[in-house]
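> Here's a structure for you.
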Amino acid sequence: MDDVDLSQTITDILEGDTEKFAEIMQVYQKSIFLYCYHMLGNYAEAEDSGQEVFLKAYRSLGKYKREVPFGAWLYKIAYNHCIDMIRKRKLAKYLPFFYRDDKENKPVDLRIEAHYFDEFVHRALSKLSAEERNLLILRCVDEKSYEEISQILGRSNAALRKKYGRTAAKFRQYYAQAKGVCAYDIGQGSGSETTFS
């Protein structure tokens with residue numbers, strides 16, 4: 001869906017053709033689910049959160065300012081929702097670890113988590129702040145540009161690049177600790193992006 005189609009779809013929804021919101025969901029549903037999954041670390045919560053994000057977006061569609069990219073607006077809603085979820089749990093460091101006996105009762109969850117879940121990645125992510133986790137997920141998992149992230153988080157490109165560099169270094173260190181290897185074995189090549197999914 002290009003910008004013109006998206007703009008027309010939003011206009012149609014605001015004029016009463018509410019069924020067209022399904023078209024927007026179809027475009028963004030997978031990426032928002034994966035974003036919530038990486039932020040929250042739990043399949044069921046990510047699924048529920050994805051639905052909540054779209055519900056909030058639908059209810060707030062009249063307040064959407066068209067000069068802001070729709071994707072950035074949607075990710076901002078997702079970020080705020082995930083932060084609220086984390087705060088509700090009152091955990092300073094968050095990301096639960098999944099246990100085999102829990103997974104074996106949920107074959108669908110097991111398949112999803114087997115594909116997207118890496119215990120070492122989640123251990124490393126759990127040591128980062130929610131803001132740091134958010135930055136890595138937007139940059140590495142969702143492959144957002146610094147410009148897009150700047151629009152989502154309301155921070156300058158330069159500040160985000162510096163923060164990303166520090167956060168990626170911290171992530172590599174925590175990941176190395178989780179795997180029990182030297183941080184230099186993890187790939188600290190100059191300018192290389194940290195990737196995980």
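Lettering and numbering for the structure tokens are positional, with chains as A, B, ... in the shown order, residues counted from 1 in each chain, and ligands counted from 1 in the shown order.
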Can you tell me, as a PyMOL selection string, what residues are no more than 8 Å from Gly50 in chain A when counting only C-alpha atoms, ignoring any on the same chain fewer than 4 positions away?

chain A and resi 29+32-33+36+46+54+78

> Would you kindly return, as a list in words, each protein, DNA or RNA residue with an atom no farther than 10 Å from any atom of His81 in chain A, considering only C-alpha atoms and excluding same-chain residues fewer than 6 positions away?

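Selected residues are Cys36, Ser49, Gly50, Glu52, Val53, Lys56, Tyr75 and Arg87 of chain A.
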
> Please identify all polymer residues within 8 Å of Tyr174 in chain A, counting only C-alpha atoms, omitting same-chain residues fewer than 2 positions from it, and present them as an MDAnalysis selection string.

chainID A and resid 123:125 127 170:172 176:178

> Taking C-alpha atoms for each residue, export the selection above as a CSV table (one decimal), in the first residue's frame.


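This is the output file result_23.csv:
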chain,number,residue,atom,x,y,z
A,123,ARG,CA,18.9,-12.9,28.1
A,124,ALA,CA,21.0,-10.1,26.6
A,125,LEU,CA,17.9,-8.0,25.8
A,127,LYS,CA,19.6,-6.6,30.7
A,170,LYS,CA,26.2,-3.4,25.6
A,171,PHE,CA,24.0,-6.0,23.8
A,172,ARG,CA,27.1,-7.7,22.4
A,176,ALA,CA,28.6,-12.9,25.0
A,177,GLN,CA,28.1,-13.4,28.7
A,178,ALA,CA,24.9,-15.3,28.1

> Which of these, A:His38, A:Ser156, A:Phe70, A:Ile83, has the shortest distance to Cys140 in chain A once you count only C-alpha atoms?

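Distance minimum relative to Cys140 in chain A lands on A:His38.
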
> With only C-alpha atoms as the basis for distance, which of A:Lys179, A:Met39, A:Leu61, A:Ala44 is at the shortest distance from Leu135 in chain A?

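Result for the nearest residue to Leu135 in chain A: A:Met39.
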
> Closest to Glu45 in chain A among A:Gly71, A:Tyr64, A:Asp12, A:Met85, using only C-alpha atoms?

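Counting only C-alpha atoms, the residue closest to Glu45 in chain A is A:Met85.
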
> A:Phe21, A:Tyr58, A:Tyr164, A:Trp73: which is nearest Leu136 in chain A, counting only C-alpha atoms?

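Going through A:Phe21, A:Tyr58, A:Tyr164, A:Trp73 one by one, the smallest distance to Leu136 in chain A is for A:Tyr164.
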
> Could you give me, as an mmCIF file with N, CA and C atoms, in the first residue's frame, the residues within 8 Å of Thr9 in chain A, counting only C-alpha atoms and dropping anything in the same chain fewer than 4 positions from it?


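As written to disk, result_34.cif reads:
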data_model
loop_
_atom_site.group_PDB
_atom_site.id
_atom_site.type_symbol
_atom_site.label_atom_id
_atom_site.label_comp_id
_atom_site.auth_asym_id
_atom_site.auth_seq_id
_atom_site.Cartn_x
_atom_site.Cartn_y
_atom_site.Cartn_z
ATOM 1 N N ASP A 5 -2.579 5.480 -1.533
ATOM 2 C CA ASP A 5 -3.606 4.495 -1.175
ATOM 3 C C ASP A 5 -3.904 4.537 0.314
ATOM 4 N N ILE A 13 -12.083 5.454 5.934
ATOM 5 C CA ILE A 13 -12.420 4.973 7.284
ATOM 6 C C ILE A 13 -13.047 6.096 8.092
ATOM 7 N N LYS A 20 -12.610 -0.872 5.937
ATOM 8 C CA LYS A 20 -11.325 -0.662 5.258
ATOM 9 C C LYS A 20 -10.137 -0.706 6.228
ATOM 10 N N PHE A 21 -10.418 -0.603 7.541
ATOM 11 C CA PHE A 21 -9.326 -0.672 8.510
ATOM 12 C C PHE A 21 -8.618 -2.034 8.435
ATOM 13 N N ILE A 24 -5.478 -1.842 6.428
ATOM 14 C CA ILE A 24 -4.328 -1.299 7.153
ATOM 15 C C ILE A 24 -3.732 -2.385 8.045
#

> Would you mind reading off the distance between CA of Ser126 in chain A and CA of Gln51 in chain A, one decimal, in Å?

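Distance reported for this atom pair: 23.9 Å.
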
> Using DSSP on the backbone coordinates, identify all residues within range 6-161 of chain A classified as alpha helix (DSSP H); present the result as a VMD selection string.

chain A and resid 6 to 14 21 to 40 43 to 60 70 to 89 100 to 103 107 to 116 119 to 126 130 to 136 146 to 153 157 to 161

> Which one is closest to Gln173 in chain A: A:Ala159, A:Leu34, A:Leu128, A:Leu40? Count only C-alpha atoms.

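Selected residue with least distance to Gln173 in chain A: A:Leu128.
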